[in-house]
Amino acid sequence: MRIEVKGETTYCYTNSRDIERDKPSVVFIHGSGMDHTVWTLASRHFARHGNNVVSVDLPGHGRSTGDPLVTVEEMASWVIAVLDALDITDAALVGHSLGSLIALECAASYSERVRAIALVGTTSPMPVSDAILTAAKANDHAAFDMLTQWGFSKRHQFGGNRNSGIWMIGNTLRLYERSAPGVLFHDMRACNEYTSGTDQAAKVTCPALLILGAEDRLTPVRSTHALQQAIPSPLVEVLPGAGHTIMVEAPNAMLDALHKIL
Amino acid sequence: MAGPDYPGLDTLALHAGAQPDPTTGARATPIYQSASFCFPDSDYAASLFNIERAGHVYSRLSNPTNAVLEERIAALEGGVGAIATASGQAALHLAIITLMGAGSHIVASAALYGGSHNLLAYTLPRFGIETTFVDPRDPQAFANAIQDNTRLVFGETLGNPSLDVLNIPAIAEIAHAAGLPLMVDSTTTTPYLIKPFELGADIIQHSATKFLSGHGIVIGGLLVDSGQFDWEASGKFPTLSEPYEGFHNLIFTEEFGPAAMIQRARKEGLRDFGACMSPTSAFHILQGIETLSVRMSRHVDNTRAITAFLLEQEIVTRVGYPELDGHPDQALAKELLPNGCSAVFSFDLAGGREAGIAFVDALSVFSHLANIGDAKSLVIHPASTTHHRMDAEALAAGGIGEGTIRLSIGLEDPKDLIADLKQGLRAAGKATGGGR
């Protein structure tokens, strides 16, 4: 569905269902340069299991209009505005990469609106290499190539998708190529500059789940220790064989992990 | 700035889509010769049917062996996904019925494989889909033939039988300006010789029976989606951009983004028309693809040796290979097919039908049959076989002479192929009174 949020048209995938007040809600937030389609399997699953699902396209991404937002804090405020627009009191937030930082910030700054968070392919801080930032700023295709290659585990460079017939490297690359110029740079810079994550993590009061790829090369498991220490009693699931693009590389294991908190 | 290198074609040809078998450790992709797959519980079953989990239900829809082949060809072509079909014809049919229905129109090259021509010219009109055939060497002819109800532009990378080189960049530009996708049949070229998606094509069809397999032991097809065409922006493809009642009003562009077309093809066309590939066929095709580069390189080398030999023969009046002087697409071939123009070509014998028959009958290394792309060299005389009902005038209209011979050059030692051809040429000369 399309709704108006902060003066712009916002697209939310809801599995073609209306939002019902008596159902729990789950909001899915995609990562840098992506859109809601990365969550299709999970969205469909939790919709069938009695949830309102709201898989957003961040401003300037996918089908949502407007300029991309600059900071994680702005993005978190925008997610809360989406909840307001949909008349959702509180929701579980599932975010991937940049989306995980947005979910974390929401849980810390708007705790009354967040009943649980699942951070997929996450870490904090989330520094971005100069090579990626420089290429993304120049709208150079090399930025898409770097993120696509490093976004998958080494074994998945050759595929092995359990989702039949889909070449996951190619599909991810096409998603990046569909993003408007400048969008990826804004997203990567927001990740890079969100340095208050561990401080904010300490404020999280809702149940929190970290879903990590054992072979993640962008946000390696070893880099998540500070975040794991900062969040009070998080659940941590490390998925073998998966890299950073966990929704694609380990879709079934991710669903099973999400069920521990949703 | 250069990004990191992706795995190369040879590496992908060996590895893409495959992982060591998680149960047994088998390095080769196993043949999962099973019609169906067990569900661990009811909710898991429901989630597979409702596209919530990745997995297999029934081998008409998907199969683990086929999935490796599908990923492999998608990787080799640089697409987002692929579907393995019962034959190349099934792949063409699957693409068409995914994109359009009755009342639609296709603009196609006039130089097509006979089976594709039959489907477009005679069969699909019964189902309300018409085709206008145009000169593949004239991109403007494609533009002129596009109608309001056109939904696809189609051609072969190398046309049949004259090896017309399809100007993919020019025709893709014309198609895209009209909001239409360009689909190409790349059977004879394979991703070793040309990468159509990099040139602007949107969909690729293969008969995997031919060079992709190389062994000539299976029938199979592949349909590959580039994920580059914007179906929503075009506005002409409601099967992809509007709710589909046959799957709970799923909108494919909304849920699958770049993979909308190939997902609809699987969820509807493969499901309902059922032209799926056998897992054993998929296994055989995978074995062939592993050696694609090595074979194609040798195919081309042998073809160059054979065409050079034929050019020197007095009884041979024409050799039609795009790399040769006199072929109308020589310059385009150099640009689009720098590694060669595959290994199927035709040549004309002086002496007409009689010479052609005598030539074919005298060969012993070349196999006389109706196929191309085998590791073994193949020959056919169209005027006495595939086109035997046509008189000289009708043959000429199709670019075929009574003495035209089509060869598919295999991987044998070229000196043996040339020796065999000499036998045939001698017989052709004798049959027409030349006494050579």
# chains A, B, ... in the order shown; residues from 1 in each chain; ligands from 1

call {"tool": "interface_residues", "arguments": {"of": "chain A", "to": "chain B", "cutoff": "7 Å", "atoms": "only C-alpha atoms", "output": "list in words"}}
result
Thr37, Thr40, Leu41, Ala42, Arg44, His45, Ala135, Ala142, Ala143, Asp145, Met146, Phe158, Gly159, Gly160, Asn161, Arg162, Asn163, Ser164, Gly165, Ile166, Trp167, Met168, Gly170, Asn171, Arg174, Leu175, Pro251 and Asn252 of chain A

call {"tool": "residues_around", "arguments": {"residues": "region 341-347 of chain B", "least_positions_apart": "5", "cutoff": "6 Å", "atoms": "only C-alpha atoms", "output": "JSON, numbers by chain"}}
result
{"B": [189, 299, 300, 303, 318, 319, 320, 321, 404, 405, 406, 407, 408, 409]}

call {"tool": "select_by_dssp", "arguments": {"residues": "region 100-170 of chain A", "states": "helix (DSSP H, G or I)", "output": "MDAnalysis selection string"}}
result
chainID A and resid 100:109 111:113 130:137 141:150 155:158 168:170

call {"tool": "residues_around", "arguments": {"residues": "Val134 (chain B)", "least_positions_apart": "3", "cutoff": "7 Å", "atoms": "only C-alpha atoms", "output": "NGL selection string"}}
result
:B and (108-110 or 141-142)

call {"tool": "residues_around", "arguments": {"residues": "region 369-372 of chain B", "least_positions_apart": "4", "cutoff": "7 Å", "atoms": "only C-alpha atoms", "output": "number ranges by chain"}}
result
B: 210, 378-380, 408

call {"tool": "write_last_selection", "arguments": {"atoms": "C-alpha atoms", "output": "compact mmCIF listing (two decimals), in the first residue's frame"}}
result
# COMPACT_ATOMS: atom_id res chain seq x y z
CA LYS B 210 23.09 -28.31 -28.55
CA LEU B 378 27.03 -33.46 -38.33
CA VAL B 379 25.76 -32.88 -41.83
CA ILE B 380 22.42 -32.40 -43.49
CA SER B 408 27.84 -28.65 -37.61

call {"tool": "select_by_dssp", "arguments": {"residues": "region 138-252 of chain A", "states": "strand (DSSP E or B)", "output": "number ranges by chain"}}
result
A: 166, 208-213, 235-239

call {"tool": "write_last_selection", "arguments": {"atoms": "N, CA and C atoms", "output": "mmCIF file, in the first residue's frame"}}
result
data_model
loop_
_atom_site.group_PDB
_atom_site.id
_atom_site.type_symbol
_atom_site.label_atom_id
_atom_site.label_comp_id
_atom_site.auth_asym_id
_atom_site.auth_seq_id
_atom_site.Cartn_x
_atom_site.Cartn_y
_atom_site.Cartn_z
ATOM 1 N N ILE A 166 17.033 -18.886 -8.877
ATOM 2 C CA ILE A 166 17.434 -17.485 -8.726
ATOM 3 C C ILE A 166 18.930 -17.420 -8.438
ATOM 4 N N ALA A 208 15.576 -8.553 22.314
ATOM 5 C CA ALA A 208 16.410 -8.270 21.142
ATOM 6 C C ALA A 208 17.053 -9.559 20.650
ATOM 7 N N LEU A 209 17.072 -9.712 19.345
ATOM 8 C CA LEU A 209 17.669 -10.887 18.700
ATOM 9 C C LEU A 209 18.664 -10.407 17.654
ATOM 10 N N LEU A 210 19.851 -10.974 17.693
ATOM 11 C CA LEU A 210 20.838 -10.709 16.643
ATOM 12 C C LEU A 210 20.949 -11.956 15.772
ATOM 13 N N ILE A 211 20.743 -11.799 14.469
ATOM 14 C CA ILE A 211 20.912 -12.918 13.529
ATOM 15 C C ILE A 211 22.132 -12.603 12.679
ATOM 16 N N LEU A 212 23.164 -13.412 12.855
ATOM 17 C CA LEU A 212 24.458 -13.108 12.237
ATOM 18 C C LEU A 212 24.853 -14.220 11.268
ATOM 19 N N GLY A 213 25.542 -13.835 10.204
ATOM 20 C CA GLY A 213 26.073 -14.823 9.273
ATOM 21 C C GLY A 213 27.471 -15.234 9.705
ATOM 22 N N LEU A 235 19.374 -12.296 22.470
ATOM 23 C CA LEU A 235 19.495 -13.622 21.869
ATOM 24 C C LEU A 235 20.394 -13.473 20.651
ATOM 25 N N VAL A 236 21.271 -14.428 20.452
ATOM 26 C CA VAL A 236 22.182 -14.348 19.307
ATOM 27 C C VAL A 236 22.117 -15.654 18.531
ATOM 28 N N GLU A 237 21.818 -15.563 17.258
ATOM 29 C CA GLU A 237 21.803 -16.735 16.376
ATOM 30 C C GLU A 237 22.851 -16.525 15.292
ATOM 31 N N VAL A 238 23.818 -17.403 15.235
ATOM 32 C CA VAL A 238 24.837 -17.326 14.184
ATOM 33 C C VAL A 238 24.538 -18.435 13.171
ATOM 34 N N LEU A 239 24.258 -18.039 11.936
ATOM 35 C CA LEU A 239 23.817 -18.999 10.928
ATOM 36 C C LEU A 239 25.012 -19.481 10.107
#

call {"tool": "residues_around", "arguments": {"residues": "Val221 (chain A)", "least_positions_apart": "2", "cutoff": "9 Å", "atoms": "only C-alpha atoms", "output": "short mmCIF file (atom, residue, chain, number, x, y, z; two decimals) with C-alpha atoms, in the first residue's frame"}}
result
data_model
loop_
_atom_site.label_atom_id
_atom_site.label_comp_id
_atom_site.auth_asym_id
_atom_site.auth_seq_id
_atom_site.Cartn_x
_atom_site.Cartn_y
_atom_site.Cartn_z
CA GLY A 121 23.51 -8.84 9.52
CA THR A 122 24.32 -6.21 12.07
CA THR A 123 27.13 -4.65 14.04
CA LEU A 212 24.46 -13.11 12.24
CA GLY A 213 26.07 -14.82 9.27
CA ALA A 214 28.99 -17.00 10.37
CA GLU A 215 30.84 -16.03 7.17
CA ASP A 216 29.74 -12.39 7.01
CA ARG A 217 32.55 -10.29 5.54
CA THR A 219 29.75 -7.14 9.47
CA SER A 223 32.89 -7.22 15.22
CA THR A 224 29.58 -7.63 17.04
CA HIS A 225 30.94 -8.26 20.52
CA VAL A 238 24.84 -17.33 14.18
#

call {"tool": "atom_distance", "arguments": {"atom1": "CA of Ile96 (chain B)", "atom2": "CA of Thr190 (chain B)"}}
result
21.0 Å

call {"tool": "atom_distance", "arguments": {"atom1": "CA of Thr385 (chain B)", "atom2": "CA of Thr131 (chain B)"}}
result
26.3 Å

call {"tool": "decode", "arguments": {"residues": "region 106-147 of chain A", "atoms": "N, CA and C atoms", "output": "mmCIF file, in the first residue's frame"}}
result
data_model
loop_
_atom_site.group_PDB
_atom_site.id
_atom_site.type_symbol
_atom_site.label_atom_id
_atom_site.label_comp_id
_atom_site.auth_asym_id
_atom_site.auth_seq_id
_atom_site.Cartn_x
_atom_site.Cartn_y
_atom_site.Cartn_z
ATOM 1 N N CYS A 106 15.387 2.994 16.945
ATOM 2 C CA CYS A 106 13.971 3.078 17.318
ATOM 3 C C CYS A 106 13.758 2.495 18.716
ATOM 4 N N ALA A 107 14.359 1.319 18.961
ATOM 5 C CA ALA A 107 14.159 0.651 20.255
ATOM 6 C C ALA A 107 14.716 1.488 21.401
ATOM 7 N N ALA A 108 15.804 2.217 21.123
ATOM 8 C CA ALA A 108 16.420 3.036 22.170
ATOM 9 C C ALA A 108 15.670 4.353 22.379
ATOM 10 N N SER A 109 15.272 4.990 21.302
ATOM 11 C CA SER A 109 14.714 6.342 21.403
ATOM 12 C C SER A 109 13.194 6.366 21.460
ATOM 13 N N TYR A 110 12.558 5.297 21.018
ATOM 14 C CA TYR A 110 11.080 5.256 21.003
ATOM 15 C C TYR A 110 10.640 3.925 21.618
ATOM 16 N N SER A 111 11.128 3.654 22.813
ATOM 17 C CA SER A 111 10.970 2.312 23.385
ATOM 18 C C SER A 111 9.506 1.913 23.532
ATOM 19 N N GLU A 112 8.636 2.897 23.750
ATOM 20 C CA GLU A 112 7.223 2.573 23.943
ATOM 21 C C GLU A 112 6.561 2.101 22.646
ATOM 22 N N ARG A 113 7.217 2.333 21.519
ATOM 23 C CA ARG A 113 6.629 1.949 20.226
ATOM 24 C C ARG A 113 7.195 0.635 19.691
ATOM 25 N N VAL A 114 8.169 0.088 20.411
ATOM 26 C CA VAL A 114 8.879 -1.086 19.884
ATOM 27 C C VAL A 114 8.764 -2.233 20.882
ATOM 28 N N ARG A 115 8.179 -3.343 20.433
ATOM 29 C CA ARG A 115 7.993 -4.461 21.370
ATOM 30 C C ARG A 115 9.090 -5.505 21.241
ATOM 31 N N ALA A 116 9.828 -5.483 20.149
ATOM 32 C CA ALA A 116 10.960 -6.410 19.989
ATOM 33 C C ALA A 116 11.777 -5.939 18.791
ATOM 34 N N ILE A 117 13.062 -6.282 18.791
ATOM 35 C CA ILE A 117 13.883 -5.989 17.612
ATOM 36 C C ILE A 117 14.662 -7.239 17.206
ATOM 37 N N ALA A 118 14.752 -7.408 15.894
ATOM 38 C CA ALA A 118 15.607 -8.466 15.346
ATOM 39 C C ALA A 118 16.579 -7.775 14.398
ATOM 40 N N LEU A 119 17.864 -7.878 14.722
ATOM 41 C CA LEU A 119 18.903 -7.190 13.959
ATOM 42 C C LEU A 119 19.627 -8.237 13.119
ATOM 43 N N VAL A 120 19.468 -8.131 11.804
ATOM 44 C CA VAL A 120 19.969 -9.152 10.876
ATOM 45 C C VAL A 120 21.195 -8.596 10.149
ATOM 46 N N GLY A 121 22.296 -9.318 10.177
ATOM 47 C CA GLY A 121 23.510 -8.839 9.516
ATOM 48 C C GLY A 121 23.913 -7.490 10.088
ATOM 49 N N THR A 122 24.151 -7.481 11.367
ATOM 50 C CA THR A 122 24.324 -6.210 12.072
ATOM 51 C C THR A 122 25.693 -6.118 12.735
ATOM 52 N N THR A 123 26.047 -4.927 13.106
ATOM 53 C CA THR A 123 27.126 -4.647 14.043
ATOM 54 C C THR A 123 27.042 -3.172 14.401
ATOM 55 N N SER A 124 27.716 -2.779 15.428
ATOM 56 C CA SER A 124 27.775 -1.359 15.756
ATOM 57 C C SER A 124 29.013 -1.105 16.607
ATOM 58 N N PRO A 125 29.820 -0.151 16.205
ATOM 59 C CA PRO A 125 29.668 0.700 15.025
ATOM 60 C C PRO A 125 29.778 -0.090 13.725
ATOM 61 N N MET A 126 29.339 0.534 12.613
ATOM 62 C CA MET A 126 29.301 -0.125 11.324
ATOM 63 C C MET A 126 30.123 0.711 10.322
ATOM 64 N N PRO A 127 31.445 0.716 10.511
ATOM 65 C CA PRO A 127 32.269 1.546 9.632
ATOM 66 C C PRO A 127 32.234 1.038 8.194
ATOM 67 N N VAL A 128 32.264 1.962 7.267
ATOM 68 C CA VAL A 128 32.244 1.618 5.842
ATOM 69 C C VAL A 128 33.580 2.030 5.239
ATOM 70 N N SER A 129 34.148 1.172 4.432
ATOM 71 C CA SER A 129 35.477 1.448 3.886
ATOM 72 C C SER A 129 35.453 2.677 2.971
ATOM 73 N N ASP A 130 36.589 3.343 2.924
ATOM 74 C CA ASP A 130 36.709 4.509 2.039
ATOM 75 C C ASP A 130 36.459 4.124 0.586
ATOM 76 N N ALA A 131 36.888 2.927 0.230
ATOM 77 C CA ALA A 131 36.714 2.501 -1.167
ATOM 78 C C ALA A 131 35.238 2.462 -1.538
ATOM 79 N N ILE A 132 34.420 1.915 -0.641
ATOM 80 C CA ILE A 132 32.982 1.843 -0.930
ATOM 81 C C ILE A 132 32.374 3.237 -0.926
ATOM 82 N N LEU A 133 32.734 4.030 0.082
ATOM 83 C CA LEU A 133 32.153 5.381 0.170
ATOM 84 C C LEU A 133 32.519 6.211 -1.057
ATOM 85 N N THR A 134 33.780 6.127 -1.460
ATOM 86 C CA THR A 134 34.227 6.915 -2.614
ATOM 87 C C THR A 134 33.496 6.486 -3.884
ATOM 88 N N ALA A 135 33.400 5.179 -4.080
ATOM 89 C CA ALA A 135 32.718 4.686 -5.277
ATOM 90 C C ALA A 135 31.236 5.025 -5.242
ATOM 91 N N ALA A 136 30.621 4.868 -4.074
ATOM 92 C CA ALA A 136 29.192 5.164 -3.967
ATOM 93 C C ALA A 136 28.928 6.646 -4.211
ATOM 94 N N LYS A 137 29.812 7.497 -3.687
ATOM 95 C CA LYS A 137 29.628 8.947 -3.882
ATOM 96 C C LYS A 137 29.699 9.301 -5.358
ATOM 97 N N ALA A 138 30.547 8.586 -6.084
ATOM 98 C CA ALA A 138 30.709 8.863 -7.512
ATOM 99 C C ALA A 138 29.673 8.109 -8.356
ATOM 100 N N ASN A 139 28.740 7.434 -7.693
ATOM 101 C CA ASN A 139 27.769 6.581 -8.404
ATOM 102 C C ASN A 139 28.484 5.613 -9.335
ATOM 103 N N ASP A 140 29.599 5.123 -8.858
ATOM 104 C CA ASP A 140 30.408 4.190 -9.634
ATOM 105 C C ASP A 140 29.884 2.770 -9.407
ATOM 106 N N HIS A 141 29.723 2.042 -10.493
ATOM 107 C CA HIS A 141 29.206 0.670 -10.397
ATOM 108 C C HIS A 141 30.080 -0.200 -9.492
ATOM 109 N N ALA A 142 31.327 0.197 -9.327
ATOM 110 C CA ALA A 142 32.227 -0.577 -8.462
ATOM 111 C C ALA A 142 31.674 -0.700 -7.044
ATOM 112 N N ALA A 143 30.906 0.296 -6.605
ATOM 113 C CA ALA A 143 30.307 0.214 -5.261
ATOM 114 C C ALA A 143 29.319 -0.943 -5.201
ATOM 115 N N PHE A 144 28.522 -1.091 -6.255
ATOM 116 C CA PHE A 144 27.574 -2.220 -6.301
ATOM 117 C C PHE A 144 28.339 -3.552 -6.308
ATOM 118 N N ASP A 145 29.422 -3.571 -7.077
ATOM 119 C CA ASP A 145 30.198 -4.812 -7.187
ATOM 120 C C ASP A 145 30.814 -5.191 -5.839
ATOM 121 N N MET A 146 31.381 -4.206 -5.158
ATOM 122 C CA MET A 146 32.010 -4.494 -3.863
ATOM 123 C C MET A 146 30.982 -5.018 -2.865
ATOM 124 N N LEU A 147 29.847 -4.344 -2.799
ATOM 125 C CA LEU A 147 28.841 -4.752 -1.815
ATOM 126 C C LEU A 147 28.224 -6.100 -2.174
#
